[in-house]
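Data block for coords-v8.cif (mmCIF, C-alpha atoms and all ligand atoms):
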```
data_protein
loop_
_atom_site.label_atom_id
_atom_site.label_comp_id
_atom_site.auth_asym_id
_atom_site.auth_seq_id
_atom_site.Cartn_x
_atom_site.Cartn_y
_atom_site.Cartn_z
CA MET A 11 136.77 123.09 146.57
CA TYR A 12 136.20 125.31 143.60
CA ALA A 13 134.11 123.96 140.72
CA TRP A 14 134.38 125.23 137.13
CA PRO A 15 133.05 128.22 135.22
CA ALA A 16 129.43 128.28 134.07
CA SER A 17 128.67 128.72 130.39
CA GLU A 18 125.96 131.25 129.73
CA VAL A 19 122.38 129.96 129.54
CA PRO A 20 120.51 132.07 126.98
CA ALA A 21 117.00 133.21 127.90
CA LEU A 22 114.21 131.74 125.75
CA PRO A 23 110.79 133.07 124.91
CA GLY A 24 107.92 131.46 126.86
CA GLN A 25 108.20 129.09 129.76
CA GLY A 26 109.49 125.54 130.23
CA ARG A 27 107.47 122.59 131.51
CA ASP A 28 107.69 120.74 134.80
CA LEU A 29 109.92 117.70 134.69
CA ARG A 30 108.49 114.20 134.70
CA ILE A 31 111.25 111.75 135.49
CA HIS A 32 111.84 108.09 136.26
CA ASP A 33 112.30 107.44 139.96
CA THR A 34 114.12 104.22 140.84
CA ALA A 35 112.39 104.00 144.25
CA THR A 36 108.85 103.95 142.86
CA GLY A 37 109.87 102.34 139.57
CA GLY A 38 107.85 104.78 137.49
CA LEU A 39 107.61 108.33 136.21
CA ILE A 40 106.88 111.07 138.72
CA THR A 41 106.27 114.77 138.15
CA LEU A 42 108.63 116.67 140.39
CA ASP A 43 107.32 119.65 142.27
CA PRO A 44 110.38 121.63 143.36
CA GLY A 45 110.07 124.94 145.15
CA PRO A 46 111.45 128.19 143.68
CA VAL A 47 114.89 126.72 144.35
CA ALA A 48 115.13 123.15 143.03
CA ARG A 49 117.62 121.00 144.93
CA ILE A 50 119.80 118.31 143.35
CA TYR A 51 122.72 116.24 144.55
CA VAL A 52 124.77 114.36 141.97
CA CYS A 53 127.49 111.94 143.00
CA GLY A 54 130.86 113.09 141.72
CA ILE A 55 133.92 111.24 140.51
CA THR A 56 136.50 109.24 142.38
CA PRO A 57 139.50 111.02 140.85
CA TYR A 58 141.96 108.24 140.17
CA ASP A 59 141.66 108.33 136.39
CA ALA A 60 140.43 110.71 133.70
CA THR A 61 136.76 111.37 132.88
CA HIS A 62 135.50 108.74 130.47
CA LEU A 63 132.41 108.88 128.27
CA GLY A 64 130.39 106.91 130.80
CA HIS A 65 130.95 109.60 133.42
CA ALA A 66 130.24 112.29 130.85
CA ALA A 67 126.96 110.61 129.86
CA THR A 68 125.80 110.53 133.48
CA TYR A 69 126.70 114.19 134.12
CA ASN A 70 125.01 115.09 130.84
CA ALA A 71 121.73 113.62 132.14
CA PHE A 72 121.79 115.73 135.28
CA ASP A 73 122.87 118.81 133.39
CA LEU A 74 119.63 118.41 131.42
CA VAL A 75 117.69 118.28 134.69
CA GLN A 76 119.23 121.62 135.65
CA ARG A 77 118.48 123.14 132.25
CA VAL A 78 114.84 122.04 132.33
CA TRP A 79 114.44 123.58 135.79
CA LEU A 80 116.18 126.82 134.78
CA ASP A 81 113.79 127.04 131.84
CA THR A 82 110.87 126.95 134.32
CA LYS A 83 112.42 130.12 135.82
CA ARG A 84 113.48 128.33 138.98
CA GLN A 85 116.86 128.63 140.57
CA VAL A 86 118.81 125.43 140.96
CA HIS A 87 120.84 124.46 143.99
CA TYR A 88 123.20 121.81 142.68
CA VAL A 89 125.72 120.04 144.89
CA GLN A 90 128.35 117.54 143.80
CA ASN A 91 131.11 115.75 145.70
CA VAL A 92 134.57 114.46 144.83
CA THR A 93 135.50 111.18 146.51
CA ASP A 94 139.07 112.31 147.03
CA ILE A 95 139.89 109.61 149.57
CA ASP A 96 138.89 105.99 148.98
CA ASP A 97 140.51 102.61 148.38
CA PRO A 98 140.71 102.82 144.56
CA LEU A 99 142.55 106.13 144.78
CA LEU A 100 145.11 104.74 147.23
CA GLU A 101 145.52 101.55 145.18
CA ARG A 102 146.14 103.48 141.94
CA ALA A 103 148.57 105.87 143.63
CA ALA A 104 150.51 102.89 145.05
CA ARG A 105 150.52 101.11 141.67
CA ASP A 106 151.88 104.19 139.89
CA ASP A 107 154.12 105.17 142.80
CA ILE A 108 152.68 108.67 143.08
CA ASP A 109 151.24 110.70 145.93
CA TRP A 110 147.48 110.04 146.29
CA VAL A 111 146.79 113.76 146.92
CA ALA A 112 148.62 114.76 143.75
CA LEU A 113 146.75 112.08 141.78
CA ALA A 114 143.37 113.30 143.06
CA GLU A 115 144.22 116.93 142.32
CA LYS A 116 145.43 116.16 138.81
CA GLU A 117 142.38 114.10 137.85
CA THR A 118 139.95 116.57 139.46
CA ALA A 119 141.55 119.40 137.48
CA LEU A 120 141.13 117.42 134.27
CA PHE A 121 137.49 116.68 135.17
CA ARG A 122 136.84 120.42 135.59
CA GLU A 123 138.32 121.07 132.16
CA ASP A 124 136.22 118.31 130.59
CA MET A 125 133.03 119.58 132.25
CA THR A 126 133.77 123.13 131.12
CA ALA A 127 134.43 122.04 127.54
CA LEU A 128 131.20 120.01 127.49
CA ARG A 129 129.20 123.00 128.81
CA MET A 130 128.01 121.15 131.91
CA LEU A 131 126.71 123.72 134.36
CA PRO A 132 128.79 123.65 137.57
CA PRO A 133 127.48 122.76 141.01
CA LYS A 134 127.04 125.59 143.49
CA GLN A 135 129.04 123.58 146.00
CA TYR A 136 131.75 121.18 144.89
CA ILE A 137 132.93 119.38 148.00
CA GLY A 138 135.74 116.91 148.53
CA ALA A 139 135.40 114.00 150.95
CA VAL A 140 138.50 115.13 152.81
CA GLU A 141 137.15 118.62 153.40
CA ALA A 142 133.82 117.09 154.54
CA ILE A 143 135.42 114.99 157.32
CA PRO A 144 134.74 117.53 160.13
CA GLY A 145 131.04 117.33 159.22
CA ILE A 146 131.03 113.54 158.83
CA VAL A 147 132.45 112.70 162.28
CA PRO A 148 129.55 114.14 164.34
CA LEU A 149 127.01 112.33 162.13
CA VAL A 150 128.71 108.98 162.76
CA GLU A 151 128.88 109.77 166.49
CA ARG A 152 125.17 110.57 166.50
CA LEU A 153 124.28 107.33 164.71
CA ARG A 154 126.41 105.36 167.17
CA ASP A 155 124.94 107.13 170.20
CA ALA A 156 121.41 106.45 168.90
CA GLY A 157 122.18 102.75 168.54
CA ALA A 158 122.05 102.90 164.72
CA ALA A 159 125.76 102.11 164.43
CA TYR A 160 128.16 99.77 166.20
CA GLU A 161 131.87 99.18 166.54
CA LEU A 162 133.74 96.22 165.15
CA GLU A 163 137.49 96.05 165.87
CA GLY A 164 137.74 99.82 165.85
CA ASP A 165 135.69 100.30 162.66
CA VAL A 166 132.16 101.67 162.88
CA TYR A 167 129.30 100.08 160.92
CA PHE A 168 125.81 101.32 160.17
CA SER A 169 123.04 98.93 161.13
CA VAL A 170 120.64 98.69 158.19
CA GLU A 171 117.90 97.63 160.63
CA ALA A 172 117.97 101.18 162.05
CA ASP A 173 116.01 102.47 159.05
CA PRO A 174 112.49 101.06 158.62
CA HIS A 175 112.61 102.21 154.99
CA PHE A 176 115.81 100.33 154.14
CA GLY A 177 115.44 98.68 150.71
CA LYS A 178 113.00 101.18 149.26
CA VAL A 179 115.46 102.87 146.90
CA SER A 180 116.60 99.79 144.98
CA GLY A 181 113.70 97.45 145.78
CA LEU A 182 116.15 94.51 145.73
CA ASP A 183 115.86 91.34 147.82
CA ALA A 184 118.52 90.40 150.38
CA ALA A 185 120.31 87.93 148.07
CA ALA A 186 120.68 90.48 145.25
CA MET A 187 121.81 93.09 147.74
CA ARG A 188 124.45 90.78 149.10
CA LEU A 189 125.91 90.10 145.66
CA LEU A 190 126.04 93.78 144.75
CA SER A 191 127.43 94.73 148.13
CA ALA A 192 130.41 92.40 147.56
CA GLU A 193 130.91 93.77 144.05
CA ARG A 194 130.64 97.43 144.94
CA GLY A 195 132.86 98.18 147.89
CA GLY A 196 130.99 96.37 150.71
CA ASP A 197 132.30 93.54 152.89
CA PRO A 198 129.38 91.13 153.45
CA GLU A 199 131.77 88.28 154.34
CA ARG A 200 133.41 90.05 157.29
CA PRO A 201 132.72 88.09 160.48
CA GLY A 202 131.13 89.87 163.43
CA LYS A 203 128.75 92.15 161.54
CA LYS A 204 125.14 92.29 162.73
CA ASN A 205 123.88 92.10 159.15
CA PRO A 206 126.22 91.21 156.28
CA LEU A 207 124.92 94.22 154.36
CA ASP A 208 125.86 96.77 157.06
CA PRO A 209 128.18 99.33 155.45
CA MET A 210 131.16 101.00 157.06
CA LEU A 211 130.73 104.52 158.38
CA TRP A 212 134.21 105.04 159.77
CA MET A 213 137.31 102.99 159.09
CA ALA A 214 139.93 102.97 161.83
CA ALA A 215 143.39 104.07 160.65
CA ARG A 216 145.26 101.35 158.75
CA GLU A 217 149.04 101.05 158.73
CA GLY A 218 150.54 103.10 155.91
CA GLU A 219 147.24 104.77 154.95
CA PRO A 220 146.19 108.38 155.50
CA SER A 221 143.90 109.05 158.47
CA TRP A 222 142.15 111.95 160.16
CA ASP A 223 141.08 112.88 163.66
CA GLY A 224 137.67 111.31 164.25
CA GLY A 225 137.04 112.66 167.77
CA SER A 226 135.49 109.89 169.85
CA LEU A 227 135.71 107.58 166.81
CA GLY A 228 139.50 107.68 166.87
CA GLN A 229 141.88 108.21 163.94
CA GLY A 230 140.49 106.97 160.66
CA ARG A 231 138.69 107.86 157.47
CA PRO A 232 135.04 108.00 156.44
CA GLY A 233 133.03 105.35 154.63
CA TRP A 234 131.77 106.14 151.16
CA HIS A 235 128.00 106.54 151.70
CA ILE A 236 128.20 108.82 154.74
CA GLU A 237 130.40 111.18 152.71
CA CYS A 238 127.60 112.01 150.28
CA VAL A 239 124.99 112.11 153.06
CA ALA A 240 126.98 114.62 155.12
CA ILE A 241 127.52 116.87 152.11
CA ALA A 242 123.91 116.64 150.92
CA LEU A 243 122.43 117.28 154.39
CA ASP A 244 124.81 120.14 155.04
CA HIS A 245 123.97 122.01 151.84
CA LEU A 246 120.52 120.78 150.76
CA GLY A 247 118.80 119.26 153.80
CA MET A 248 116.32 116.37 153.89
CA GLY A 249 113.75 115.87 151.17
CA PHE A 250 115.69 117.50 148.34
CA ASP A 251 114.37 116.94 144.84
CA VAL A 252 116.79 114.66 143.00
CA GLN A 253 119.57 112.31 144.03
CA GLY A 254 121.46 111.44 140.88
CA GLY A 255 124.13 109.10 139.59
CA GLY A 256 124.72 106.14 137.31
CA SER A 257 122.63 102.99 137.75
CA ASP A 258 125.57 101.29 139.48
CA LEU A 259 125.00 103.65 142.42
CA ALA A 260 121.37 102.66 143.14
CA PHE A 261 122.64 99.86 145.37
CA PRO A 262 124.43 100.05 147.70
CA HIS A 263 125.40 103.73 147.53
CA HIS A 264 122.06 105.50 147.26
CA GLU A 265 120.21 102.87 149.27
CA MET A 266 122.66 103.17 152.16
CA GLY A 267 122.86 106.95 151.88
CA ALA A 268 119.08 107.27 152.14
CA SER A 269 119.05 104.98 155.19
CA HIS A 270 121.86 106.89 156.92
CA ALA A 271 120.00 110.16 156.44
CA GLN A 272 116.60 108.75 157.40
CA ALA A 273 118.02 107.16 160.57
CA LEU A 274 119.75 110.43 161.46
CA SER A 275 116.77 112.69 160.90
CA GLY A 276 113.80 110.43 161.60
CA GLU A 277 112.37 111.89 158.39
CA PHE A 278 111.47 110.22 155.09
CA PRO A 279 112.46 110.44 152.28
CA PHE A 280 116.05 111.58 151.87
CA ALA A 281 115.29 112.57 148.26
CA GLN A 282 112.02 112.95 146.35
CA ALA A 283 113.42 111.06 143.37
CA TYR A 284 116.37 108.75 142.82
CA VAL A 285 117.40 109.15 139.23
CA HIS A 286 119.84 106.79 137.55
CA ALA A 287 121.58 106.97 134.22
CA GLY A 288 122.33 103.85 132.17
CA MET A 289 125.81 102.44 131.70
CA VAL A 290 127.95 103.22 128.69
CA ALA A 291 129.92 100.27 127.37
CA LEU A 292 132.91 99.82 125.10
CA ASP A 293 133.56 96.54 123.27
CA GLY A 294 130.60 94.93 124.99
CA GLU A 295 131.58 95.75 128.57
CA LYS A 296 130.65 98.59 130.92
CA MET A 297 133.27 101.32 130.62
CA SER A 298 135.03 101.28 133.96
CA LYS A 299 138.24 102.49 135.43
CA SER A 300 138.88 99.11 137.00
CA LYS A 301 138.48 97.28 133.66
CA GLY A 302 140.45 99.94 131.77
CA ASN A 303 138.23 99.84 128.62
CA LEU A 304 137.90 103.58 128.46
CA VAL A 305 137.44 106.41 126.00
CA PHE A 306 138.46 109.63 127.70
CA VAL A 307 136.82 112.97 127.04
CA SER A 308 140.23 114.64 127.33
CA LYS A 309 141.76 112.30 124.74
CA LEU A 310 139.01 113.10 122.23
CA ARG A 311 139.52 116.81 122.91
CA ARG A 312 143.27 116.45 122.40
CA ASP A 313 142.56 114.70 119.10
CA GLY A 314 140.69 117.84 118.04
CA VAL A 315 137.12 116.55 118.39
CA ASP A 316 134.73 119.46 118.94
CA PRO A 317 133.26 119.11 122.48
CA ALA A 318 129.86 120.05 121.02
CA ALA A 319 130.02 116.84 118.95
CA ILE A 320 130.89 114.79 122.04
CA ARG A 321 127.89 116.33 123.76
CA LEU A 322 125.64 115.53 120.78
CA ALA A 323 126.90 111.94 120.85
CA LEU A 324 125.88 111.69 124.52
CA LEU A 325 122.50 113.30 123.81
CA SER A 326 121.73 110.85 121.01
CA HIS A 327 121.00 108.12 123.59
CA HIS A 328 118.26 108.21 126.17
CA TYR A 329 119.87 108.70 129.57
CA ARG A 330 118.31 105.55 131.03
CA ALA A 331 119.48 103.28 128.23
CA ASP A 332 122.63 101.19 128.49
CA TRP A 333 124.50 101.84 125.28
CA GLU A 334 127.74 101.19 123.52
CA TRP A 335 130.24 103.84 122.48
CA THR A 336 131.44 103.25 118.93
CA ASP A 337 133.23 105.40 116.43
CA GLN A 338 129.98 105.52 114.44
CA VAL A 339 128.23 107.27 117.36
CA LEU A 340 130.83 110.03 117.16
CA GLN A 341 130.75 110.20 113.34
CA ASP A 342 126.96 110.62 113.41
CA ALA A 343 127.28 113.40 115.99
CA LEU A 344 129.90 115.21 113.93
CA ALA A 345 127.66 115.05 110.85
CA ARG A 346 124.66 116.29 112.84
CA LEU A 347 126.67 119.18 114.28
CA GLU A 348 127.71 120.21 110.79
CA ARG A 349 124.09 120.10 109.51
CA TRP A 350 122.83 122.13 112.47
CA ARG A 351 125.60 124.72 112.16
CA ALA A 352 124.90 125.16 108.46
CA ALA A 353 121.18 125.59 109.21
CA VAL A 354 121.60 128.28 111.87
CA SER A 355 124.27 130.18 109.95
CA ARG A 356 121.69 131.45 107.45
CA PRO A 357 120.08 134.84 108.12
CA ASP A 358 116.52 133.48 108.13
CA GLY A 359 114.70 130.16 108.17
CA PRO A 360 111.50 128.27 108.96
CA ALA A 361 109.63 129.53 112.05
CA ALA A 362 111.12 128.07 115.24
CA ASP A 363 108.59 128.68 118.04
CA ALA A 364 107.01 125.24 117.63
CA LEU A 365 110.47 123.67 117.67
CA VAL A 366 111.32 125.27 121.02
CA GLU A 367 108.09 123.80 122.43
CA GLU A 368 108.95 120.38 121.00
CA ILE A 369 112.38 120.41 122.65
CA ARG A 370 110.78 121.48 125.92
CA GLU A 371 108.15 118.76 125.70
CA ALA A 372 110.74 116.09 124.87
CA LEU A 373 113.03 116.99 127.77
CA ALA A 374 110.20 117.36 130.28
CA ASN A 375 109.18 113.81 129.31
CA ASP A 376 111.87 111.93 131.25
CA LEU A 377 114.70 113.82 129.54
CA ASP A 378 114.01 112.44 126.07
CA ALA A 379 117.03 114.05 124.44
CA PRO A 380 116.94 111.79 121.34
CA ALA A 381 113.42 113.12 120.59
CA ALA A 382 114.70 116.68 121.05
CA LEU A 383 117.52 116.00 118.57
CA THR A 384 115.06 114.58 116.05
CA ALA A 385 112.95 117.72 116.32
CA VAL A 386 115.98 119.92 115.60
CA ASP A 387 116.96 117.59 112.74
CA ARG A 388 113.52 118.17 111.17
CA TRP A 389 113.89 121.95 111.40
CA ALA A 390 117.42 121.78 109.93
CA ALA A 391 116.19 119.57 107.08
CA LEU A 392 113.35 121.98 106.32
CA GLN A 393 115.83 124.84 106.32
CA GLN A 394 118.05 122.89 103.92
CA GLU A 395 115.22 121.91 101.58
CA GLN A 396 112.92 124.94 101.58
CA GLY A 397 114.53 127.71 103.62
CA GLY A 398 112.13 130.15 105.26
CA SER A 399 111.55 133.82 105.79
CA ASP A 400 111.53 134.10 109.59
CA GLU A 401 114.43 136.41 110.35
CA GLY A 402 114.71 135.53 114.03
CA ALA A 403 114.41 131.76 113.62
CA PRO A 404 118.07 130.67 113.29
CA GLY A 405 118.94 132.72 116.38
CA VAL A 406 116.05 131.23 118.35
CA VAL A 407 117.17 127.72 117.39
CA SER A 408 120.78 128.24 118.35
CA ARG A 409 119.76 129.82 121.68
CA ALA A 410 117.34 126.97 122.43
CA VAL A 411 119.91 124.31 121.55
CA ASP A 412 122.41 126.02 123.84
CA ALA A 413 120.02 126.73 126.75
CA LEU A 414 118.26 123.36 126.78
CA LEU A 415 120.85 120.92 125.40
CA GLY A 416 124.13 122.63 126.26
CA VAL A 417 125.31 122.56 122.65
CA ALA A 418 126.97 125.70 121.29
CA LEU A 419 126.36 126.06 117.57
N1 LIG B 1 132.64 108.92 143.71
C1 LIG B 1 131.61 107.94 143.50
C2 LIG B 1 130.23 108.54 143.71
S1 LIG B 1 130.06 109.31 145.26
C3 LIG B 1 131.70 107.32 142.11
O1 LIG B 1 130.91 106.45 141.81
N2 LIG B 1 132.67 107.78 141.32
S2 LIG B 1 132.96 107.22 139.85
O2 LIG B 1 134.06 108.01 139.35
O3 LIG B 1 133.15 105.81 139.88
O4 LIG B 1 131.69 107.49 138.99
C4 LIG B 1 131.20 108.80 138.80
C5 LIG B 1 129.81 108.74 138.17
O5 LIG B 1 129.89 108.17 136.86
C6 LIG B 1 128.83 107.87 138.95
O6 LIG B 1 127.53 108.47 138.93
C7 LIG B 1 128.80 106.57 138.17
O7 LIG B 1 127.57 105.90 138.32
C8 LIG B 1 128.98 107.08 136.76
N3 LIG B 1 129.57 106.07 135.86
C9 LIG B 1 130.69 105.33 136.06
N4 LIG B 1 130.92 104.49 135.02
C10 LIG B 1 129.91 104.72 134.12
C11 LIG B 1 129.58 104.18 132.83
N5 LIG B 1 130.32 103.25 132.25
N6 LIG B 1 128.47 104.67 132.21
C12 LIG B 1 127.71 105.63 132.78
N7 LIG B 1 127.98 106.18 133.99
C13 LIG B 1 129.06 105.73 134.66
ZN ZN B 2 127.98 109.61 146.13
#
```

Go through the file and emit its structure as structure tokens.
Ligand code: 5CA
Ligand code: ZN
Amino acid sequence: MYAWPASEVPALPGQGRDLRIHDTATGGLITLDPGPVARIYVCGITPYDATHLGHAATYNAFDLVQRVWLDTKRQVHYVQNVTDIDDPLLERAARDDIDWVALAEKETALFREDMTALRMLPPKQYIGAVEAIPGIVPLVERLRDAGAAYELEGDVYFSVEADPHFGKVSGLDAAAMRLLSAERGGDPERPGKKNPLDPMLWMAAREGEPSWDGGSLGQGRPGWHIECVAIALDHLGMGFDVQGGGSDLAFPHHEMGASHAQALSGEFPFAQAYVHAGMVALDGEKMSKSKGNLVFVSKLRRDGVDPAAIRLALLSHHYRADWEWTDQVLQDALARLERWRAAVSRPDGPAADALVEEIREALANDLDAPAALTAVDRWAALQQEQGGSDEGAPGVVSRAVDALLGVAL
């Protein structure tokens, strides 16, 4: 699948810092040590509805990871998927009496436009679940042949016991896992499973649902976790630097994905760090397509809201915090954007080298975007109150804000 166009990332004087980031598996901050090509996999959307601000906040966090790495003069190998076949997509298509393929294409196209408008750097590979099926089937066959998967009435399940490291991503106990599994696409109540937590790898064709040739697995479609594993292993390999997504993916999705990959390869870990963004809420509840309490990026854009202000609104919260979208959040971002634009539109200003270092330091410290915004606020206030005589400074600030925060002034 094609992704979306990259906005330019201006070069900055000096050199960025290595990223220290919170890893869900160890429960603390770790300093990543990527090679010359840093590798990141970020879980993509299930395209049955438009991109809401919760999605945008999560992709914003991982866009910052990319920008910090680029600033250290590394290349970034970024891979993202699109879950373009799954139950919610089929259910929504049936509800609205439309073709599920057309629905997925329409919402994926809108997502690309939203990402472009928000200046999110695109993945190098943007891969749909459907196009990944030929790579998924042999992985499921291998797991089955190694005894790490078993058949139940034509469906194939992964046996969580096959991975000695199972549980290390989320650190949850069995009872908590069972609750979340039921909530998030698992089927712990199904009779006949070896362990109630075992997730599906391959679902045998169901009457009236789309299915694909699964070789020795028979006609069917892939489970959710193996989709991301197949795509990540194909393009990044084991031990890549960051596995990213919202905190609702830590269990079961990233836990199961890590176990699939570790059972397949015999290696540990699947990813060096599991990084999770907090949940954005509206009216006191997590914004979610199933609840329908959504603010869409595309709707704000249609209403004429500058995407740079939407981005500033996202940046004004730490990525790990759960926070609430309110109109005030957007009003504050619009006011900030106006102040910053006024400050950089002058021909000269207060020296900016220290500011660039402050933004770098803030982002390298577990992506502390709010601290970076405060630093720019201070420079803009100084500009407003005292001005300055450094001719290059406004240009340096607008390039730094673009390169490191993805905000075009
Ligand atoms: N296709 C799968 C991942 S393989 C999926 O979870 N799709 S999604 O469309 O439901 O979510 C896409 C991303 O947005 C995920 O990382 C998810 O954790 C994140 N996300 C969903 N809702 C919110 C929210 N309210 N706040 C923050 N992030 C969210
Ligand atoms: Zn995923």

Neighbours of ligand LIG 1 (chain B) at 6 Å or closer, counting all atoms listed in the file: which residues, as a list in words?
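Protein and nucleic-acid residues within 6 Å of ligand LIG 1 (chain B): Cys53, Gly54, Ile55, Thr56, Gly64, His65, Ala67, Thr68, Val92, Thr93, Gly255, Gly256, Ser257, Asp258, Leu259, Gly288, Met289, Val290, Ala291, Lys296, Met297 and Ser298 of chain A.
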
Output for the residues just chosen: C-alpha atoms as an mmCIF file, in the coordinates of the input:
```cif
data_model
loop_
_atom_site.group_PDB
_atom_site.id
_atom_site.type_symbol
_atom_site.label_atom_id
_atom_site.label_comp_id
_atom_site.auth_asym_id
_atom_site.auth_seq_id
_atom_site.Cartn_x
_atom_site.Cartn_y
_atom_site.Cartn_z
ATOM 1 C CA CYS A 53 127.490 111.940 143.000
ATOM 2 C CA GLY A 54 130.860 113.090 141.720
ATOM 3 C CA ILE A 55 133.920 111.240 140.510
ATOM 4 C CA THR A 56 136.500 109.240 142.380
ATOM 5 C CA GLY A 64 130.390 106.910 130.800
ATOM 6 C CA HIS A 65 130.950 109.600 133.420
ATOM 7 C CA ALA A 67 126.960 110.610 129.860
ATOM 8 C CA THR A 68 125.800 110.530 133.480
ATOM 9 C CA VAL A 92 134.570 114.460 144.830
ATOM 10 C CA THR A 93 135.500 111.180 146.510
ATOM 11 C CA GLY A 255 124.130 109.100 139.590
ATOM 12 C CA GLY A 256 124.720 106.140 137.310
ATOM 13 C CA SER A 257 122.630 102.990 137.750
ATOM 14 C CA ASP A 258 125.570 101.290 139.480
ATOM 15 C CA LEU A 259 125.000 103.650 142.420
ATOM 16 C CA GLY A 288 122.330 103.850 132.170
ATOM 17 C CA MET A 289 125.810 102.440 131.700
ATOM 18 C CA VAL A 290 127.950 103.220 128.690
ATOM 19 C CA ALA A 291 129.920 100.270 127.370
ATOM 20 C CA LYS A 296 130.650 98.590 130.920
ATOM 21 C CA MET A 297 133.270 101.320 130.620
ATOM 22 C CA SER A 298 135.030 101.280 133.960
#
```

What does the list of residues within 12 Å of ligand ZN 2 (chain B) look like if you count only C-alpha atoms and all ligand atoms, written as a ChimeraX atom specification?
/A:51-56,89-94,96,137-139,233-242,253-268

Skip A:Pro232 itself and residues of its chain fewer than 5 positions away, then list as an NGL selection string all residues within 10 Å of it, counting all atoms listed in the file.
:A and (95-96 or 139-140 or 142-143 or 146-147 or 150 or 165-166 or 210-214 or 221-222 or 224 or 237)

Shortest interatomic distance to A:Ser308 - which of A:Asp81, A:Glu123, A:Glu151, A:Asp223, counting all atoms listed in the file
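Among A:Asp81, A:Glu123, A:Glu151, A:Asp223, it is A:Glu123 that comes nearest to A:Ser308.
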
Residue with smallest distance to A:Ala372 - pool A:Ala66, A:Met125, A:Ala16, A:Leu415, counting all atoms listed in the file
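Using all atoms listed in the file, the shortest distance to A:Ala372 belongs to A:Leu415.
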
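Here the residues that fall within 9 Å of (139.4, 109.6, 140.5), using only C-alpha atoms, are given as A:Ile55, A:Thr56, A:Pro57, A:Tyr58, A:Asp59, A:Ala60, A:Thr61, A:Val92, A:Thr93, A:Asp94, A:Pro98, A:Leu99, A:Leu113, A:Ala114, A:Glu115, A:Glu117, A:Thr118, A:Lys299.
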
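For the pair atom CA of A:Gly157 and atom CA of A:Ser169, the interatomic distance is 8.4 Å.
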
Just the number, please: distance in Å from atom CA of A:Gly249 to atom CA of A:Pro144, one decimal.
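Distance reported for this atom pair: 22.9 Å.
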
Could you tell me which of A:Leu373, A:Glu368, A:Ala353, A:Glu163 comes closest to A:Ala390 if we count only C-alpha atoms?
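Among the listed residues, A:Ala353 lies closest to A:Ala390.
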
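Minimum atom-to-atom distance to A:Gly247, evaluated using only C-alpha atoms, belongs to A:Ile50 out of A:Leu189, A:Val78, A:Ile50, A:Leu292.
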